[in-house]
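Written below as structure tokens is the structure these notes are about.
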Amino acid sequence: MTKSLPTIQHLINGQLVSGGSRSADVFNPATGQVEKQVLLADKLTVEQAIASAQAAFPAWRNTPPLKRARVMSKLKELLEQHADELCALITAEHGKVLSDAFGELQRGIENVEYASYAPELLKGEHSKNVGPAIDSWSEFQALGVTAGITPFNFPAMVPLWMWPLAVACGNTFVLKPSERDPSSTLRVAELALQAGLPPGVLNVVHGDKEAVDTLLQDPRVKAVSFVGSTPIAEYIYSEGCKHGKRVQALGGAKNHAVLMPDADIGNAVNALMGAAFGSCGERCMAIPLVVAVGDDTAEAVIAGLKTEIAKMKVGPGSDASSDMGPLVTRTHFEKVTAYVNQGVKEGATLLVDGRGVQVAGHAAGYFMGPCLFDNVKPGMTIYQEEIFGPVLGVVRVKSLQDAMDLIDAHEYGNGTCIFTRDGEAARYFTDNIQVGMVGVNVPLPVPVAYHSFGGWKRSLFGDLHAYGPDAVRFYTKRKTITQRWPSAGVREGTVFSFPSSR
Ligand code: NAD
């Protein structure tokens, strides 16, 4: 461990603290240099965070929802004021271009804004006179200590999908961000303290499997939200359920865009460029596959994509003229390169090769240029697996039904979209496709904060989607109260039959 580097600490009970004897390097992907060290929490440290959340729960649960909501309103203001600082942290550790970091932060802020509607969201349901002088209502009570485990690709937004609504609903929270780019996540948590969140309501522990397993196994943790890759999501779901927790685990993706012959090809090309190469393809809603209906459609989209790719500038995310930054780590860079090699080996046609791209002054950065394949086919590794890099493949089919059959046969079902001007085709597609989030001429159909986010098939384990109305249900338990106040002096007879409205 290099002594002179800054160390990223845990945030427990409102204090930055050490904990755990291990640490990991945090790199700047544009330079390949280690810039910081992040502590990796051991079991004891995570247990301290859980204890802090447990201690903070009774008072926070009893804090009126309007007061909890006001903390969220204040946090929204602070996030807006600190946007430059937060986005610089995101870009320095993730690599994405600054404009993209602003986009993710804004989407995160919208979740904070939604959490500030807590009094409205928690109003419950009431029925008068369900029986003679009997009223009944359902209320939504906080669970207790809840936890979140988040991926590297949205270090500000994905944590904000989780904890603001969880705490606005009266829970306390332990967050385990990605160890690859933890600084912006931690800074947001510090701003939450500044906004008035009491110590212990939100705790942040950095770490790896040891920290995650402690959260999954500790009986004080009542619910776990996870976003990351599918193998880990599946593990989190089964391990968390085994320990009696409520779990929502969002996993990986392989999103197909269907391009119909009648589509506005120019607009579709522009949309596909951002969806495939934005954030260097490191988005779970990225489009790595275009399914072109008919060879003419395929030729037209390829011609358009080649023209646009030739104009793209790859460079550091901090340079406002860059369209695409580096991949997140050297390991990931090598993995994406291996996928491109494999695509060539398996017979796909590599039309644009982004391997070996050089960025002046950044020889050690993890840069890869955009790659475009034609003739990608089901069964090929680059068709089946999530690459999570700037690699777009064109798949040629003969009909919309062929395209839909392909999508439905794929193991993932996170997002998809159709480009068309035919309302009937669009309606058939949205009605029948086996995918959780669907766009019509919208390449990244990421739901807004007042809907909920989630895929189908092996892109989500659990029943309730992330953020929005589903998350209000996820972070609360329903209690239904039935109440009768008989009039004084009225003697009620004994009834042995099951109470009913007969
Ligand atoms: P990842 O699965 O490697 O890591 C996610 C989290 O799990 C991190 O906090 C990490 O520390 C932890 N983790 C890693 N290995 C673990 C293990 N063996 N045991 C316990 N915890 C472990 O994912 P990533 O590389 O950080 O993120 C990219 C992945 O996330 C992609 O697959 C992407 O599709 C997915 N993702 C999905 C969504 C969605 O909403 N469906 C959103 C963003 C990212």
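Letters A, B, ... go to the chains of the structure tokens in the order shown; residues in each chain start at 1; ligands are counted from 1 in the same order.
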
Counting only C-alpha atoms, which residues of segment 390-449 of chain A sit at most 10 Å from some atom of segment 286-295 of chain A, and what is each one's closest atom pair with its distance in Å to one decimal, listed by chain and rising residue number, as JSON lines?
```
{"residue": "A:Pro390", "atom": "CA", "partner": "A:Pro288", "partner_atom": "CA", "distance": 7.9}
{"residue": "A:Val391", "atom": "CA", "partner": "A:Pro288", "partner_atom": "CA", "distance": 6.2}
{"residue": "A:Leu392", "atom": "CA", "partner": "A:Pro288", "partner_atom": "CA", "distance": 4.6}
{"residue": "A:Gly393", "atom": "CA", "partner": "A:Leu289", "partner_atom": "CA", "distance": 4.8}
{"residue": "A:Val394", "atom": "CA", "partner": "A:Val290", "partner_atom": "CA", "distance": 4.9}
{"residue": "A:Val395", "atom": "CA", "partner": "A:Val291", "partner_atom": "CA", "distance": 4.7}
{"residue": "A:Arg396", "atom": "CA", "partner": "A:Ala292", "partner_atom": "CA", "distance": 5.1}
{"residue": "A:Val397", "atom": "CA", "partner": "A:Val293", "partner_atom": "CA", "distance": 5.1}
{"residue": "A:Lys398", "atom": "CA", "partner": "A:Gly294", "partner_atom": "CA", "distance": 5.1}
{"residue": "A:Ser399", "atom": "CA", "partner": "A:Val293", "partner_atom": "CA", "distance": 5.5}
{"residue": "A:Leu400", "atom": "CA", "partner": "A:Val293", "partner_atom": "CA", "distance": 6.5}
{"residue": "A:Gln401", "atom": "CA", "partner": "A:Val293", "partner_atom": "CA", "distance": 9.6}
{"residue": "A:Asp402", "atom": "CA", "partner": "A:Val293", "partner_atom": "CA", "distance": 8.5}
{"residue": "A:Ala403", "atom": "CA", "partner": "A:Val291", "partner_atom": "CA", "distance": 6.4}
{"residue": "A:Met404", "atom": "CA", "partner": "A:Val291", "partner_atom": "CA", "distance": 9.4}
{"residue": "A:Leu406", "atom": "CA", "partner": "A:Val291", "partner_atom": "CA", "distance": 9.1}
{"residue": "A:Ile407", "atom": "CA", "partner": "A:Val291", "partner_atom": "CA", "distance": 9.4}
{"residue": "A:Asn414", "atom": "CA", "partner": "A:Ala286", "partner_atom": "CA", "distance": 10.0}
{"residue": "A:Gly415", "atom": "CA", "partner": "A:Ala286", "partner_atom": "CA", "distance": 8.4}
{"residue": "A:Thr416", "atom": "CA", "partner": "A:Ile287", "partner_atom": "CA", "distance": 7.9}
{"residue": "A:Cys417", "atom": "CA", "partner": "A:Ile287", "partner_atom": "CA", "distance": 8.9}
{"residue": "A:Ile418", "atom": "CA", "partner": "A:Val291", "partner_atom": "CA", "distance": 9.3}
{"residue": "A:Phe419", "atom": "CA", "partner": "A:Ala292", "partner_atom": "CA", "distance": 9.8}
{"residue": "A:Pro443", "atom": "CA", "partner": "A:Ile287", "partner_atom": "CA", "distance": 7.4}
{"residue": "A:Leu444", "atom": "CA", "partner": "A:Ala286", "partner_atom": "CA", "distance": 6.9}
{"residue": "A:Pro445", "atom": "CA", "partner": "A:Ala286", "partner_atom": "CA", "distance": 9.9}
```

*What's the 9 Å shell around Ala211 of chain A, counting only C-alpha atoms, without same-chain residues fewer than 5 positions away, as a PyMOL selection string?*
chain A and resi 40-43+45-46+176+205-206+216

*Using only C-alpha atoms: which of A:Val227, A:Ala53, A:Val17, A:Ala268 has the shortest distance to Phe461 of chain A*: A:Val227

*Taking only C-alpha atoms and all ligand atoms into account, report as a PyMOL selection string which residues have an atom no farther than 8 Å from an atom of ligand 1.*
chain A and resi 149-154+158+176-180+207-213+226-233+235-236+250-253+282-285+386+388+414+453-455+459-460+466

*Members of segment 115-215 of chain A assigned strand (DSSP E or B) by DSSP, as number ranges by chain*: A: 125-131, 134-142, 145-149, 172-176, 202-204

Shell of 6 Å around segment 354-356 of chain A, only C-alpha atoms, local chain residues under 5 positions omitted, as a short mmCIF file (atom, residue, chain, number, x, y, z; two decimals) with N, CA, C and O atoms, in the first residue's frame:
```cif
data_model
loop_
_atom_site.label_atom_id
_atom_site.label_comp_id
_atom_site.auth_asym_id
_atom_site.auth_seq_id
_atom_site.Cartn_x
_atom_site.Cartn_y
_atom_site.Cartn_z
N MET A 368 -10.40 2.12 -25.44
CA MET A 368 -10.72 1.27 -26.58
C MET A 368 -11.64 2.08 -27.47
O MET A 368 -12.52 2.80 -26.99
N GLY A 369 -11.45 1.98 -28.76
CA GLY A 369 -12.32 2.70 -29.68
C GLY A 369 -13.60 1.91 -29.93
O GLY A 369 -13.71 0.73 -29.57
N PRO A 370 -14.58 2.54 -30.58
CA PRO A 370 -15.82 1.83 -30.89
C PRO A 370 -15.56 0.68 -31.86
O PRO A 370 -14.74 0.81 -32.78
N CYS A 371 -16.23 -0.43 -31.63
CA CYS A 371 -16.11 -1.60 -32.52
C CYS A 371 -17.49 -1.89 -33.12
O CYS A 371 -18.50 -1.81 -32.41
#
```

*May I have the residues within 12 Å of segment 7-11 of chain A as a ChimeraX atom specification, using only C-alpha atoms and disregarding those fewer than 5 positions away in the same chain?*
/A:1-2,16-26,34-42,45-46,48-50,52-53,173-177,179-193,199-207,211

*Which parts of segment 357-489 of chain A does DSSP call alpha helix (DSSP H) when run on the backbone here, written out as an MDAnalysis selection string?*
chainID A and resid 381:384 400:409 423:432 468:474

*For each of A:Gly317, A:Lys222, A:Gln33, A:Ala51, take the minimum atom-to-atom distance to Phe102 of chain A, counting only C-alpha atoms, then give the residue where this is smallest.*
A:Gly317

Show which residues sit within 7 Å of segment 160-163 of chain A, as a compact mmCIF listing (two decimals) with all heavy atoms, in the first residue's frame. Count only C-alpha atoms, and ignore same-chain residues fewer than 3 positions away.
```txt
# COMPACT_ATOMS: atom_id res chain seq x y z
N GLY A 108 -30.14 10.55 -10.58
CA GLY A 108 -30.09 10.21 -9.15
C GLY A 108 -30.87 11.23 -8.33
O GLY A 108 -31.65 10.88 -7.43
N ASN A 111 -34.46 10.72 -8.10
CA ASN A 111 -34.89 9.73 -7.10
C ASN A 111 -34.96 10.34 -5.71
O ASN A 111 -35.82 9.96 -4.90
CB ASN A 111 -33.94 8.53 -7.11
CG ASN A 111 -34.17 7.65 -8.33
OD1 ASN A 111 -33.48 7.78 -9.33
ND2 ASN A 111 -35.15 6.80 -8.27
N VAL A 112 -34.07 11.28 -5.43
CA VAL A 112 -34.13 11.99 -4.14
C VAL A 112 -35.42 12.81 -4.09
O VAL A 112 -36.12 12.85 -3.06
CB VAL A 112 -32.88 12.89 -3.97
CG1 VAL A 112 -32.97 13.70 -2.68
CG2 VAL A 112 -31.62 12.05 -3.98
N GLY A 148 -27.87 -1.93 0.83
CA GLY A 148 -27.74 -1.85 -0.63
C GLY A 148 -26.31 -2.16 -1.04
O GLY A 148 -25.35 -1.78 -0.36
N ALA A 156 -23.00 7.30 -8.59
CA ALA A 156 -23.90 8.26 -7.92
C ALA A 156 -25.35 7.80 -8.04
O ALA A 156 -26.09 7.77 -7.06
CB ALA A 156 -23.74 9.65 -8.52
N MET A 157 -25.77 7.43 -9.25
CA MET A 157 -27.20 7.20 -9.48
C MET A 157 -27.74 5.94 -8.79
O MET A 157 -28.78 6.00 -8.13
CB MET A 157 -27.48 7.12 -10.98
CG MET A 157 -28.94 6.88 -11.30
SD MET A 157 -29.27 6.71 -13.07
CE MET A 157 -28.70 5.06 -13.38
N ALA A 166 -35.55 4.36 0.85
CA ALA A 166 -35.56 3.48 2.03
C ALA A 166 -35.62 4.32 3.31
O ALA A 166 -36.43 4.04 4.21
CB ALA A 166 -34.33 2.58 2.03
N VAL A 167 -34.79 5.34 3.40
CA VAL A 167 -34.79 6.14 4.65
C VAL A 167 -36.01 7.06 4.72
O VAL A 167 -36.55 7.28 5.81
CB VAL A 167 -33.46 6.90 4.89
CG1 VAL A 167 -32.27 5.96 4.87
CG2 VAL A 167 -33.25 8.04 3.92
N PHE A 173 -30.06 2.44 6.94
CA PHE A 173 -29.46 1.85 5.76
C PHE A 173 -27.96 1.63 5.93
O PHE A 173 -27.27 2.47 6.52
CB PHE A 173 -29.69 2.79 4.56
CG PHE A 173 -29.74 2.10 3.23
CD1 PHE A 173 -30.93 1.60 2.73
CD2 PHE A 173 -28.59 1.94 2.46
CE1 PHE A 173 -30.99 0.97 1.49
CE2 PHE A 173 -28.63 1.31 1.23
CZ PHE A 173 -29.83 0.82 0.74
N ALA A 466 -36.75 -1.81 -8.90
CA ALA A 466 -36.02 -0.80 -8.12
C ALA A 466 -36.74 0.55 -8.23
O ALA A 466 -37.43 0.83 -9.22
CB ALA A 466 -34.60 -0.66 -8.66
N TYR A 467 -36.55 1.38 -7.30
CA TYR A 467 -37.08 2.75 -7.13
C TYR A 467 -38.56 2.89 -7.51
O TYR A 467 -39.23 1.91 -7.84
CB TYR A 467 -36.18 3.80 -7.78
CG TYR A 467 -36.02 3.87 -9.30
CD1 TYR A 467 -37.00 4.43 -10.11
CD2 TYR A 467 -34.84 3.45 -9.90
CE1 TYR A 467 -36.83 4.54 -11.47
CE2 TYR A 467 -34.66 3.56 -11.28
CZ TYR A 467 -35.67 4.11 -12.07
OH TYR A 467 -35.49 4.23 -13.43
```

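Proximity of A:Ser225, A:Ser279, A:Asn267, A:Gln483 to Gly103 of chain A, computed with only C-alpha atoms, is greatest for A:Ser279.
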
*Compare A:Asn171, A:Ser116, A:Ser138, A:Gln106 by their minimum atom-to-atom distance to Asn62 of chain A, counting only C-alpha atoms, and give me the closest one.*
A:Asn171

*Just the residues within 10 Å of Lys128 of chain A, please, counting only C-alpha atoms, with nothing from its chain fewer than 4 positions along; format it as a PyMOL selection string.*
chain A and resi 132-137+482-483

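Residue neighbourhood of Pro499 of chain A, excluding near-sequence residues (fewer than 2 positions): A:Val130, A:Gly131, A:Pro132, A:Ile134, A:Thr494, A:Val495, A:Phe496, A:Ser497, A:Ser501, A:Arg502, at 12 Å, using only C-alpha atoms.
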
Can you list every residue of segment 264-309 of chain A that has an atom at most 10 Å from segment 320-343 of chain A, with its nearest atom pair and the distance in Å to one decimal, using only C-alpha atoms, ordered by chain then number, as CSV?
```
residue,atom,partner,partner_atom,distance
A:Gly274,CA,A:Asp323,CA,9.3
A:Phe277,CA,A:Met324,CA,7.0
A:Gly278,CA,A:Met324,CA,6.4
A:Ser279,CA,A:Met324,CA,6.4
A:Cys280,CA,A:Met324,CA,5.9
A:Gly281,CA,A:Leu327,CA,8.7
A:Glu282,CA,A:Leu327,CA,7.8
```
